[in-house]
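Q: Okay, handing you the structure first.
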2 protein chains.
Amino acid sequence: MELRRLRYFVAVAEARSVGKAAERLRMAQPPLSVQIRKLEAEIGAPLFRRGTRGMDLTAAGQALLVRAGEALALAADGVEAARAVAAGRRGRISVGYMFVLANAMLPRLIPELRRSIPGVDLEFAELSASTREARLLDRSVTVALCMPAIHHPEIQVARIGAQPFMLAMPIRSPLARLGAVPMAKLQGRPLIALPPPEQDPASSAVAALLRRHQVVMPVASRVETVHSAMSLVLAGEGLAIVPACAQLGAPRGIVFRALRDATDSIDIAVCWRRDTHSPLIRTFLKCAERVVARL
Amino acid sequence: MELRRLRYFVAVAEARSVGKAAERLRMAQPPLSVQIRKLEAEIGAPLFRRGTRGMDLTAAGQALLVRAGEALALAADGVEAARAVAAGRRGRISVGYMFVLANAMLPRLIPELRRSIPGVDLEFAELSASTREARLLDRSVTVALCMPAIHHPEIQVARIGAQPFMLAMPIRSPLARLGAVPMAKLQGRPLIALPPPEQDPASSAVAALLRRHQVVMPVASRVETVHSAMSLVLAGEGLAIVPACAQLGAPRGIVFRALRDATDSIDIAVCWRRDTHSPLIRTFLKCAERVVARL
DNA sequence: CATTGGCATACCGAAAACGTATGGGTTGAC
DNA sequence: GTCAACCCATACGTTTTCGGTATGCCAATG
């Protein structure tokens with residue numbers, strides 16, 4: 001069965017006449033007549049009663065008409081759906097983000113996305129540094145919000161901003177009295193560290209910062225997330241060096257201070273598979289850039 | 001859009017490979033490859049990612065796949081439905097019947113039909129003699145159960161049985177003591193008549209019966225249905241001459257007697273439009289014949 | 001009896017699809 | 001590192017299908 005036949009059939013059924021239907025289809029009457037007869041041969045039963053005043057559906061024709069109309073609509077809908085997805089008007093985008101960025105970005109990013117791509121389903125997943133890369137590669141997330149970027153030959157990176165490092169400490173810490181903390185003051189103080197560099201590249205940025213200023217901070221604890229780090233800082237276990245955006249959503253009782261004479265910052269980036277060519281990614285990127293610009 | 005393309009597309013999507021799909025479709029690989037690319041050109045977007053190990057659906061391809069599968073199923077279903085209707089395995093049959101036959105036939109006819117044509121929707125409508133013909137001609141009923149048959153050039157008739165006329169009277173009528181009533185005894189007695197012959201051909205059969213025996217019965221009342229006639233007989237307004245099957249469902253207090261030396265009977269027939277070629281009509285006819293044979 | 005309206009058939013040219021042969025890129029083995 | 005294997009893409013000739021024109025047949029109409 002071919003859709004052309006069904007289209008012709010529906011046209012003839014609606015016009016109740018081969019001639020009228022041929023006119024509407026902008027074709028000659030004889031080939032249309034032939035196609036209708038071929039359709040009847042294919043079904044194995046007459047679909048029309050031929051009268052002297054046109055054509056009239058038989059019961060079998062009526063049964064076919066309903067399904068034929070639906071099938072035509074579905075095929076057209078399928079084409080339109082595929083085009084809409086390809087154009088980024090519809091579809092689905094799954095975003096992997098890291099915990100630190102959630103409070104700073106999501107409340108602005110989500111409405112921005114809904115406004116820009118209203119027909120698109122959004123999904124968000126908080127993912128650790130190591131799983132973000134795997135989930136990008138197996139396509140279970142479309143894009144990842146990273147700090148810093150993921151480096152991998154299959155993964156494309158777009159830097160959308162940067163965050164300076166800041167020192168997080170309990171409000172009653174002596175350092176809290178300073179406006180900005182000189183690096184030298186960190187010497188020997190206990191550090192609440194994130195997972196080692198091979199699991200979380202943010203750690204290596206912190207390590208490089210300390211090394212460059214020749215500061216040694218003993219690692220008091222290693223934690224998985226910035227949220228956990230804040231808890232330990234609040235408990236007086238040590239200090240944490242975290243991106244500035246961690247201030248948003250940090251518990252009361254913790255204060256943040258800039259690190260004087262440290263201009264280090266950590267990149268915020270959007271990452272996605274190179275072979276994912278969805279226009280949704282460009283749109284997502286634009287939205288994320290706008291949000292980061294207002295941080 | 002043509003279904004061939006969609007079939008090929010679904011095959012390639014499921015096989016995740018042009019070569020494998022071509023094998024399953026029993027065709028060569030290159031033309032399949034060409035068709036897929038033509039489909040992509042028609043959509044205006046790639047539907048597959050070409051890897052070194054086969055083909056993989058893009059998001060747009062996934063959107064199309066769902067609808068394509070449904071459209072294919074619907075088209076196949078439409079063909080099957082049309083064939084089933086043409087073969088009488090499915091469909092709808094609308095039966096116009098007359099009131100007198102209802103009690104005698106329907107309780108047996110309906111189960112018989114449900115058993116013979118389980119996939120077919122049944123509809124029953126009690127119709128007067130005049131409307132039965134009109135409803136057959138405008139196809140709002142498929143067949144009619146008639147007594148006697150409808151005569152019309154467009155209408156086909158199949159006689160399935162006959163009913164002798166009987167006399168209906170109140171139980172206390174003096175005639176009720178006789179086993180069979182001689183025609184002569186009817187002379188001068190009041191008759192409860194049905195509509196005149198031009199509206200109800202059954203009346204003319206009764207009139208012919210009386211005329212042949214040279215019996216005159218004054219018309220006490222004219223009523224529309226046998227049911228009404230029974231009520232008037234019960235009320236003592238007169239006698240009624242009705243087909244024997246009217247006994248079923250007649251009210252208590254009415255008795256029926258054969259008419260001695262009157263062999264007249266009235267045909268029971270199934271009528272339908274000549275140009276209605278549904279096999280359901282043959283099946284209906286067989287069922288009705290079986291039911292009438294057991295009356 | 002001629003005319004009109006509507007569908008069916010015949011034939012021809014055009015378009016689409018299929019098959020065979022072949023090219024090109026990547027993977028994996030020796 | 002070369003070679004074979006695998007898989008998709010392209011090219012070209014052949015066949016099938018489709019659409020257009022011309023025409024025939026039938027019934028209804030005046």
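Residue numbers start at 1 in each chain; chains themselves are named A, B, ... in the order of the structure tokens; ligands are numbered from 1 in the order shown.
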Find the nearest atom pair between each residue of chain C and stretch 4-19 of chain D for residues within 8 Å, count only C-alpha atoms (C1' of nucleotides), give distances in Å to one decimal, sort rows by chain and ascending number, and present the table as CSV.
A:
residue,atom,partner,partner_atom,distance
C:DA15,C1',D:DC18,C1',7.5
C:DA16,C1',D:DT17,C1',7.5
C:DA17,C1',D:DT16,C1',7.6
C:DC18,C1',D:DT15,C1',7.8
C:DG23,C1',D:DT10,C1',7.5
Q: Skipping near chain neighbours, those fewer than 6 positions away, what residues fall within 12 Å of D:DT21 using only C-alpha atoms (C1' of nucleotides), listed as number ranges by chain?
A: A: 28-31; C: 10-13
Q: What are the nearest atom pairs, with distances in Å to one decimal, for all residues of chain C that come at most 9 Å from chain A, using only C-alpha atoms (C1' of nucleotides), set out by chain and rising residue number as CSV?
A:
residue,atom,partner,partner_atom,distance
C:DG5,C1',A:Arg53,CA,8.2
C:DG6,C1',A:Gly54,CA,6.7
C:DC7,C1',A:Ser33,CA,7.4
C:DA8,C1',A:Ser33,CA,7.6
C:DT9,C1',A:Pro30,CA,8.9
Q: Would you put the residues from that selection into a file with all heavy atoms, as an mmCIF file, in the first residue's frame?
A:
data_model
loop_
_atom_site.group_PDB
_atom_site.id
_atom_site.type_symbol
_atom_site.label_atom_id
_atom_site.label_comp_id
_atom_site.auth_asym_id
_atom_site.auth_seq_id
_atom_site.Cartn_x
_atom_site.Cartn_y
_atom_site.Cartn_z
ATOM 1 P P DG C 5 -22.439 18.866 -19.718
ATOM 2 O OP1 DG C 5 -22.812 20.070 -18.959
ATOM 3 O OP2 DG C 5 -21.256 18.863 -20.606
ATOM 4 O "O5'" DG C 5 -22.300 17.665 -18.691
ATOM 5 C "C5'" DG C 5 -23.457 17.168 -18.030
ATOM 6 C "C4'" DG C 5 -23.096 15.886 -17.314
ATOM 7 O "O4'" DG C 5 -23.070 14.794 -18.265
ATOM 8 C "C3'" DG C 5 -21.712 15.918 -16.655
ATOM 9 O "O3'" DG C 5 -21.797 15.283 -15.386
ATOM 10 C "C2'" DG C 5 -20.839 15.136 -17.615
ATOM 11 C "C1'" DG C 5 -21.832 14.120 -18.178
ATOM 12 N N9 DG C 5 -21.500 13.644 -19.505
ATOM 13 C C8 DG C 5 -20.950 14.370 -20.541
ATOM 14 N N7 DG C 5 -20.777 13.654 -21.625
ATOM 15 C C5 DG C 5 -21.231 12.388 -21.282
ATOM 16 C C6 DG C 5 -21.294 11.197 -22.047
ATOM 17 O O6 DG C 5 -20.947 11.022 -23.209
ATOM 18 N N1 DG C 5 -21.829 10.147 -21.309
ATOM 19 C C2 DG C 5 -22.253 10.233 -20.016
ATOM 20 N N2 DG C 5 -22.738 9.122 -19.475
ATOM 21 N N3 DG C 5 -22.198 11.337 -19.287
ATOM 22 C C4 DG C 5 -21.678 12.367 -19.987
ATOM 23 P P DG C 6 -20.560 15.457 -14.335
ATOM 24 O OP1 DG C 6 -21.145 15.779 -13.018
ATOM 25 O OP2 DG C 6 -19.525 16.313 -14.955
ATOM 26 O "O5'" DG C 6 -19.990 13.987 -14.267
ATOM 27 C "C5'" DG C 6 -20.846 12.918 -13.883
ATOM 28 C "C4'" DG C 6 -20.177 11.616 -14.256
ATOM 29 O "O4'" DG C 6 -20.248 11.435 -15.680
ATOM 30 C "C3'" DG C 6 -18.691 11.600 -13.888
ATOM 31 O "O3'" DG C 6 -18.443 10.621 -12.899
ATOM 32 C "C2'" DG C 6 -17.973 11.265 -15.184
ATOM 33 C "C1'" DG C 6 -19.096 10.728 -16.069
ATOM 34 N N9 DG C 6 -18.821 10.989 -17.469
ATOM 35 C C8 DG C 6 -18.439 12.176 -18.044
ATOM 36 N N7 DG C 6 -18.229 12.077 -19.322
ATOM 37 C C5 DG C 6 -18.479 10.745 -19.617
ATOM 38 C C6 DG C 6 -18.413 10.044 -20.843
ATOM 39 O O6 DG C 6 -18.103 10.483 -21.952
ATOM 40 N N1 DG C 6 -18.753 8.714 -20.682
ATOM 41 C C2 DG C 6 -19.095 8.110 -19.504
ATOM 42 N N2 DG C 6 -19.381 6.818 -19.545
ATOM 43 N N3 DG C 6 -19.165 8.755 -18.349
ATOM 44 C C4 DG C 6 -18.842 10.061 -18.484
ATOM 45 P P DC C 7 -16.999 10.393 -12.309
ATOM 46 O OP1 DC C 7 -17.161 10.218 -10.861
ATOM 47 O OP2 DC C 7 -16.092 11.425 -12.845
ATOM 48 O "O5'" DC C 7 -16.596 8.992 -12.939
ATOM 49 C "C5'" DC C 7 -17.436 7.866 -12.719
ATOM 50 C "C4'" DC C 7 -17.059 6.753 -13.676
ATOM 51 O "O4'" DC C 7 -17.163 7.228 -15.037
ATOM 52 C "C3'" DC C 7 -15.635 6.196 -13.512
ATOM 53 O "O3'" DC C 7 -15.693 4.778 -13.429
ATOM 54 C "C2'" DC C 7 -14.911 6.666 -14.761
ATOM 55 C "C1'" DC C 7 -16.047 6.780 -15.771
ATOM 56 N N1 DC C 7 -15.790 7.763 -16.847
ATOM 57 C C2 DC C 7 -15.770 7.343 -18.181
ATOM 58 O O2 DC C 7 -15.986 6.151 -18.444
ATOM 59 N N3 DC C 7 -15.518 8.249 -19.150
ATOM 60 C C4 DC C 7 -15.292 9.520 -18.840
ATOM 61 N N4 DC C 7 -15.051 10.387 -19.828
ATOM 62 C C5 DC C 7 -15.316 9.972 -17.489
ATOM 63 C C6 DC C 7 -15.554 9.065 -16.528
ATOM 64 P P DA C 8 -14.311 3.956 -13.297
ATOM 65 O OP1 DA C 8 -14.630 2.747 -12.513
ATOM 66 O OP2 DA C 8 -13.233 4.865 -12.879
ATOM 67 O "O5'" DA C 8 -14.074 3.530 -14.811
ATOM 68 C "C5'" DA C 8 -15.036 2.713 -15.462
ATOM 69 C "C4'" DA C 8 -14.475 2.152 -16.762
ATOM 70 O "O4'" DA C 8 -14.346 3.227 -17.731
ATOM 71 C "C3'" DA C 8 -13.096 1.502 -16.673
ATOM 72 O "O3'" DA C 8 -13.100 0.304 -17.448
ATOM 73 C "C2'" DA C 8 -12.146 2.553 -17.248
ATOM 74 C "C1'" DA C 8 -13.034 3.279 -18.247
ATOM 75 N N9 DA C 8 -12.722 4.698 -18.401
ATOM 76 C C8 DA C 8 -12.708 5.659 -17.422
ATOM 77 N N7 DA C 8 -12.416 6.858 -17.863
ATOM 78 C C5 DA C 8 -12.213 6.681 -19.226
ATOM 79 C C6 DA C 8 -11.873 7.578 -20.263
ATOM 80 N N6 DA C 8 -11.668 8.870 -20.066
ATOM 81 N N1 DA C 8 -11.758 7.076 -21.512
ATOM 82 C C2 DA C 8 -11.973 5.761 -21.698
ATOM 83 N N3 DA C 8 -12.300 4.819 -20.794
ATOM 84 C C4 DA C 8 -12.405 5.357 -19.573
ATOM 85 P P DT C 9 -11.831 -0.646 -17.470
ATOM 86 O OP1 DT C 9 -12.359 -2.016 -17.605
ATOM 87 O OP2 DT C 9 -10.959 -0.288 -16.349
ATOM 88 O "O5'" DT C 9 -11.081 -0.282 -18.826
ATOM 89 C "C5'" DT C 9 -11.794 -0.383 -20.057
ATOM 90 C "C4'" DT C 9 -10.924 0.077 -21.215
ATOM 91 O "O4'" DT C 9 -10.797 1.515 -21.189
ATOM 92 C "C3'" DT C 9 -9.489 -0.484 -21.220
ATOM 93 O "O3'" DT C 9 -9.270 -1.101 -22.484
ATOM 94 C "C2'" DT C 9 -8.606 0.743 -21.031
ATOM 95 C "C1'" DT C 9 -9.483 1.855 -21.592
ATOM 96 N N1 DT C 9 -9.213 3.218 -21.063
ATOM 97 C C2 DT C 9 -8.888 4.213 -21.940
ATOM 98 O O2 DT C 9 -8.814 4.061 -23.132
ATOM 99 N N3 DT C 9 -8.667 5.434 -21.352
ATOM 100 C C4 DT C 9 -8.735 5.734 -20.010
ATOM 101 O O4 DT C 9 -8.504 6.867 -19.600
ATOM 102 C C5 DT C 9 -9.076 4.648 -19.143
ATOM 103 C C7 DT C 9 -9.177 4.859 -17.669
ATOM 104 C C6 DT C 9 -9.309 3.441 -19.701
#
Q: Between atom CA of A:Arg139 and atom CA of B:Ala71, what is the spacing in Å?
A: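 Between atom CA of B:Ala71 and atom CA of A:Arg139 the gap is 28.0 Å.
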Q: Computed after least-squares fitting of chain A to chain B on all C-alpha atoms in order, what is the RMSD in Å?
A: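 Fitting chain A to chain B over paired C-alpha atoms yields 0.1 Å.
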Q: Could you check the closest approach to chain D for each of A:Arg83, A:Lys38, A:Arg92, A:Arg132 and tell me which residue wins, using only C-alpha atoms (C1' of nucleotides)?
A: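 Looking at the shortest contact to chain D, the residue is A:Lys38.
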Q: Pull out every residue of chain B sitting within 9 Å of chain A, counting only C-alpha atoms, and send them as an mmCIF file with N, CA and C atoms, in the first residue's frame.
A:
data_model
loop_
_atom_site.group_PDB
_atom_site.id
_atom_site.type_symbol
_atom_site.label_atom_id
_atom_site.label_comp_id
_atom_site.auth_asym_id
_atom_site.auth_seq_id
_atom_site.Cartn_x
_atom_site.Cartn_y
_atom_site.Cartn_z
ATOM 1 N N MET B 1 5.193 12.466 0.762
ATOM 2 C CA MET B 1 5.706 11.320 1.515
ATOM 3 C C MET B 1 5.036 10.039 1.064
ATOM 4 N N GLU B 2 5.839 9.007 0.856
ATOM 5 C CA GLU B 2 5.280 7.723 0.452
ATOM 6 C C GLU B 2 5.588 6.649 1.487
ATOM 7 N N LEU B 3 4.697 5.708 1.624
ATOM 8 C CA LEU B 3 4.883 4.670 2.633
ATOM 9 C C LEU B 3 6.117 3.816 2.361
ATOM 10 N N ARG B 4 6.481 3.670 1.087
ATOM 11 C CA ARG B 4 7.679 2.888 0.788
ATOM 12 C C ARG B 4 8.872 3.454 1.550
ATOM 13 N N LEU B 6 8.851 5.288 4.190
ATOM 14 C CA LEU B 6 8.723 5.088 5.639
ATOM 15 C C LEU B 6 9.036 3.638 6.019
ATOM 16 N N GLU B 42 13.882 15.025 1.628
ATOM 17 C CA GLU B 42 12.485 15.439 1.680
ATOM 18 C C GLU B 42 12.176 16.084 3.031
ATOM 19 N N ILE B 43 12.702 15.494 4.088
ATOM 20 C CA ILE B 43 12.492 16.053 5.428
ATOM 21 C C ILE B 43 13.272 17.353 5.567
ATOM 22 N N GLY B 44 14.444 17.364 4.970
ATOM 23 C CA GLY B 44 15.284 18.552 5.093
ATOM 24 C C GLY B 44 16.250 18.470 6.256
ATOM 25 N N ALA B 45 16.436 17.280 6.776
ATOM 26 C CA ALA B 45 17.350 17.133 7.905
ATOM 27 C C ALA B 45 17.847 15.691 7.954
ATOM 28 N N PRO B 46 19.048 15.464 8.451
ATOM 29 C CA PRO B 46 19.538 14.089 8.578
ATOM 30 C C PRO B 46 18.738 13.315 9.612
ATOM 31 N N LEU B 47 18.432 12.072 9.285
ATOM 32 C CA LEU B 47 17.687 11.211 10.197
ATOM 33 C C LEU B 47 18.599 10.201 10.869
ATOM 34 N N ARG B 49 22.836 9.241 11.971
ATOM 35 C CA ARG B 49 24.260 9.521 12.040
ATOM 36 C C ARG B 49 24.954 8.341 11.388
ATOM 37 N N THR B 58 19.123 9.976 14.612
ATOM 38 C CA THR B 58 19.235 11.271 15.267
ATOM 39 C C THR B 58 17.934 11.537 16.029
ATOM 40 N N ALA B 59 17.903 12.663 16.746
ATOM 41 C CA ALA B 59 16.685 13.011 17.473
ATOM 42 C C ALA B 59 15.524 13.177 16.506
ATOM 43 N N ALA B 60 15.781 13.822 15.366
ATOM 44 C CA ALA B 60 14.725 13.992 14.374
ATOM 45 C C ALA B 60 14.256 12.635 13.864
ATOM 46 N N GLY B 61 15.194 11.721 13.655
ATOM 47 C CA GLY B 61 14.842 10.385 13.208
ATOM 48 C C GLY B 61 13.968 9.668 14.216
ATOM 49 N N GLN B 62 14.287 9.828 15.493
ATOM 50 C CA GLN B 62 13.464 9.186 16.522
ATOM 51 C C GLN B 62 12.050 9.734 16.502
ATOM 52 N N ALA B 63 11.938 11.057 16.305
ATOM 53 C CA ALA B 63 10.599 11.657 16.262
ATOM 54 C C ALA B 63 9.811 11.081 15.097
ATOM 55 N N LEU B 64 10.490 10.895 13.964
ATOM 56 C CA LEU B 64 9.793 10.348 12.799
ATOM 57 C C LEU B 64 9.442 8.876 12.997
ATOM 58 N N LEU B 65 10.351 8.141 13.609
ATOM 59 C CA LEU B 65 10.175 6.685 13.728
ATOM 60 C C LEU B 65 8.849 6.327 14.387
ATOM 61 N N VAL B 66 8.536 7.018 15.472
ATOM 62 C CA VAL B 66 7.300 6.703 16.196
ATOM 63 C C VAL B 66 6.106 6.846 15.263
ATOM 64 N N ARG B 67 6.003 8.033 14.627
ATOM 65 C CA ARG B 67 4.841 8.280 13.760
ATOM 66 C C ARG B 67 4.838 7.381 12.540
ATOM 67 N N ALA B 68 6.017 7.109 12.017
ATOM 68 C CA ALA B 68 6.083 6.266 10.821
ATOM 69 C C ALA B 68 5.544 4.880 11.130
ATOM 70 N N GLU B 70 3.380 4.070 13.416
ATOM 71 C CA GLU B 70 1.931 4.135 13.578
ATOM 72 C C GLU B 70 1.239 4.286 12.231
ATOM 73 N N ALA B 71 1.798 5.112 11.363
ATOM 74 C CA ALA B 71 1.172 5.324 10.063
ATOM 75 C C ALA B 71 1.154 4.021 9.263
ATOM 76 N N LEU B 72 2.255 3.278 9.309
ATOM 77 C CA LEU B 72 2.303 2.009 8.593
ATOM 78 C C LEU B 72 1.258 1.042 9.147
ATOM 79 N N ALA B 73 1.172 0.999 10.475
ATOM 80 C CA ALA B 73 0.204 0.086 11.086
ATOM 81 C C ALA B 73 -1.214 0.482 10.686
ATOM 82 N N LEU B 74 -1.477 1.785 10.673
ATOM 83 C CA LEU B 74 -2.821 2.242 10.333
ATOM 84 C C LEU B 74 -3.182 1.922 8.891
ATOM 85 N N ALA B 75 -2.229 2.103 8.000
ATOM 86 C CA ALA B 75 -2.507 1.807 6.600
ATOM 87 C C ALA B 75 -2.801 0.321 6.431
ATOM 88 N N ALA B 76 -1.973 -0.514 7.065
ATOM 89 C CA ALA B 76 -2.209 -1.956 6.978
ATOM 90 C C ALA B 76 -3.558 -2.309 7.586
ATOM 91 N N ASP B 77 -3.861 -1.667 8.699
ATOM 92 C CA ASP B 77 -5.128 -1.931 9.373
ATOM 93 C C ASP B 77 -6.296 -1.523 8.484
ATOM 94 N N GLY B 78 -6.138 -0.416 7.780
ATOM 95 C CA GLY B 78 -7.206 0.042 6.895
ATOM 96 C C GLY B 78 -7.480 -0.966 5.798
ATOM 97 N N VAL B 79 -6.418 -1.489 5.207
ATOM 98 C CA VAL B 79 -6.590 -2.500 4.154
ATOM 99 C C VAL B 79 -7.302 -3.726 4.725
ATOM 100 N N GLU B 80 -6.822 -4.167 5.880
ATOM 101 C CA GLU B 80 -7.414 -5.352 6.491
ATOM 102 C C GLU B 80 -8.884 -5.096 6.838
ATOM 103 N N ALA B 81 -9.172 -3.912 7.353
ATOM 104 C CA ALA B 81 -10.553 -3.596 7.724
ATOM 105 C C ALA B 81 -11.449 -3.617 6.494
ATOM 106 N N ALA B 82 -10.964 -3.035 5.398
ATOM 107 C CA ALA B 82 -11.768 -3.013 4.176
ATOM 108 C C ALA B 82 -12.014 -4.437 3.680
ATOM 109 N N ARG B 83 -10.971 -5.264 3.736
ATOM 110 C CA ARG B 83 -11.132 -6.650 3.293
ATOM 111 C C ARG B 83 -12.120 -7.380 4.189
ATOM 112 N N ALA B 84 -12.005 -7.141 5.488
ATOM 113 C CA ALA B 84 -12.889 -7.828 6.427
ATOM 114 C C ALA B 84 -14.340 -7.429 6.196
ATOM 115 N N VAL B 85 -14.553 -6.139 5.941
ATOM 116 C CA VAL B 85 -15.920 -5.692 5.682
ATOM 117 C C VAL B 85 -16.435 -6.316 4.386
ATOM 118 N N ALA B 86 -15.583 -6.323 3.366
ATOM 119 C CA ALA B 86 -16.008 -6.864 2.075
ATOM 120 C C ALA B 86 -16.321 -8.355 2.198
ATOM 121 N N ALA B 87 -15.572 -9.040 3.084
ATOM 122 C CA ALA B 87 -15.786 -10.477 3.225
ATOM 123 C C ALA B 87 -16.899 -10.788 4.219
ATOM 124 N N GLY B 91 -18.264 -5.317 10.098
ATOM 125 C CA GLY B 91 -19.147 -4.363 9.465
ATOM 126 C C GLY B 91 -20.365 -4.092 10.317
ATOM 127 N N ARG B 92 -21.441 -3.782 9.646
ATOM 128 C CA ARG B 92 -22.636 -3.340 10.339
ATOM 129 C C ARG B 92 -23.810 -3.745 9.481
ATOM 130 N N ASP B 275 -28.421 -3.334 -5.346
ATOM 131 C CA ASP B 275 -27.006 -2.959 -5.505
ATOM 132 C C ASP B 275 -26.212 -3.080 -4.206
ATOM 133 N N THR B 276 -26.805 -3.640 -3.183
ATOM 134 C CA THR B 276 -26.044 -3.899 -1.967
ATOM 135 C C THR B 276 -25.531 -5.331 -2.045
ATOM 136 N N SER B 278 -23.283 -6.852 -0.121
ATOM 137 C CA SER B 278 -22.591 -7.364 1.059
ATOM 138 C C SER B 278 -22.878 -8.841 1.287
#
Q: Taking 6 positions as the minimum chain separation for residues in the same chain, which residues sit within 9 Å of B:Pro190 when counting only C-alpha atoms (C1' of nucleotides)? Answer as a ChimeraX atom specification.
A: /B:217-221,237-240
Q: Could you dump the residues just selected with N, CA, C and O atoms as a PDB file, in the first residue's frame?
A:
ATOM      1  N   MET B 217     -67.212  -8.033   6.105  1.00  0.00           N
ATOM      2  CA  MET B 217     -67.067  -7.679   7.525  1.00  0.00           C
ATOM      3  C   MET B 217     -66.939  -6.165   7.601  1.00  0.00           C
ATOM      4  O   MET B 217     -66.005  -5.597   7.050  1.00  0.00           O
ATOM      5  N   PRO B 218     -67.852  -5.498   8.267  1.00  0.00           N
ATOM      6  CA  PRO B 218     -67.739  -4.048   8.412  1.00  0.00           C
ATOM      7  C   PRO B 218     -66.498  -3.685   9.224  1.00  0.00           C
ATOM      8  O   PRO B 218     -66.172  -4.370  10.193  1.00  0.00           O
ATOM      9  N   VAL B 219     -65.821  -2.628   8.795  1.00  0.00           N
ATOM     10  CA  VAL B 219     -64.608  -2.217   9.506  1.00  0.00           C
ATOM     11  C   VAL B 219     -64.989  -1.405  10.741  1.00  0.00           C
ATOM     12  O   VAL B 219     -65.484  -0.286  10.630  1.00  0.00           O
ATOM     13  N   ALA B 220     -64.755  -1.980  11.904  1.00  0.00           N
ATOM     14  CA  ALA B 220     -65.106  -1.294  13.154  1.00  0.00           C
ATOM     15  C   ALA B 220     -64.073  -0.226  13.477  1.00  0.00           C
ATOM     16  O   ALA B 220     -64.402   0.859  13.944  1.00  0.00           O
ATOM     17  N   SER B 221     -62.803  -0.535  13.232  1.00  0.00           N
ATOM     18  CA  SER B 221     -61.716   0.429  13.484  1.00  0.00           C
ATOM     19  C   SER B 221     -60.555   0.116  12.551  1.00  0.00           C
ATOM     20  O   SER B 221     -60.381  -1.037  12.134  1.00  0.00           O
ATOM     21  N   GLU B 237     -64.254  -4.822  20.610  1.00  0.00           N
ATOM     22  CA  GLU B 237     -64.643  -3.957  19.495  1.00  0.00           C
ATOM     23  C   GLU B 237     -64.822  -4.715  18.190  1.00  0.00           C
ATOM     24  O   GLU B 237     -65.389  -4.193  17.239  1.00  0.00           O
ATOM     25  N   GLY B 238     -64.258  -5.911  18.116  1.00  0.00           N
ATOM     26  CA  GLY B 238     -64.406  -6.658  16.868  1.00  0.00           C
ATOM     27  C   GLY B 238     -63.392  -7.785  16.813  1.00  0.00           C
ATOM     28  O   GLY B 238     -62.718  -8.096  17.808  1.00  0.00           O
ATOM     29  N   LEU B 239     -63.286  -8.402  15.633  1.00  0.00           N
ATOM     30  CA  LEU B 239     -62.363  -9.513  15.430  1.00  0.00           C
ATOM     31  C   LEU B 239     -61.211  -9.024  14.549  1.00  0.00           C
ATOM     32  O   LEU B 239     -61.349  -8.037  13.824  1.00  0.00           O
ATOM     33  N   ALA B 240     -60.092  -9.742  14.592  1.00  0.00           N
ATOM     34  CA  ALA B 240     -58.968  -9.383  13.717  1.00  0.00           C
ATOM     35  C   ALA B 240     -58.499 -10.624  12.989  1.00  0.00           C
ATOM     36  O   ALA B 240     -58.537 -11.740  13.534  1.00  0.00           O
TER      37      ALA B 240
END
Q: Which residues are near B:Arg159? Cut-off 12 Å, only C-alpha atoms (C1' of nucleotides), ignore same chain within fewer than 2 positions. Put them as a PyMOL selection string.
A: chain B and resi 144-150+156-157+161-163+266-272+285-286+288-289+292-293
Q: Could the residues in this selection be saved with C-alpha atoms as a CSV table (one decimal), in the first residue's frame?
A:
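Written file, again_37.csv:
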chain,number,residue,atom,x,y,z
B,144,ALA,CA,-35.9,-5.6,6.0
B,145,LEU,CA,-38.0,-8.4,7.4
B,146,CYS,CA,-41.3,-8.1,5.6
B,147,MET,CA,-44.7,-9.7,5.6
B,148,PRO,CA,-45.5,-9.6,2.8
B,149,ALA,CA,-42.6,-8.7,0.6
B,150,ILE,CA,-41.8,-5.2,-0.8
B,156,GLN,CA,-34.5,-7.8,-4.2
B,157,VAL,CA,-36.8,-10.2,-2.4
B,161,GLY,CA,-41.6,-18.7,4.8
B,162,ALA,CA,-45.3,-18.1,5.1
B,163,GLN,CA,-47.9,-17.6,7.8
B,266,ILE,CA,-49.0,-14.4,3.8
B,267,ASP,CA,-45.3,-14.5,2.8
B,268,ILE,CA,-42.5,-13.7,5.1
B,269,ALA,CA,-39.6,-12.2,3.1
B,270,VAL,CA,-36.2,-10.6,3.5
B,271,CYS,CA,-35.8,-7.6,1.3
B,272,TRP,CA,-32.7,-5.5,0.4
B,285,LEU,CA,-30.8,-14.7,4.9
B,286,LYS,CA,-29.5,-18.1,6.0
B,288,ALA,CA,-33.6,-15.8,9.0
B,289,GLU,CA,-34.5,-19.0,7.1
B,292,VAL,CA,-38.5,-19.2,10.2
B,293,ALA,CA,-38.2,-23.0,9.6
Q: Please measure the separation of atom CA of A:Arg24 and atom C1' of D:DT29, giving the value in Å to one decimal.
A: 27.3 Å
Q: Using DSSP secondary structure from the backbone, list all helix (DSSP H, G or I) positions within stretch 35-225 of chain B, as a PyMOL selection string.
A: chain B and resi 35-43+59-87+99-116+129-137+174-177+183-186+201-212
Q: Near B:Pro195, counting only C-alpha atoms (C1' of nucleotides), which residues have an atom at most 7 Å away, once you skip same-chain residues fewer than 2 positions from it, shown as a list of chain:residue names?
A: B:Ala193, B:Pro197, B:Gln199, B:Asp200, B:Ser203, B:Arg222, B:Val223, B:Glu224
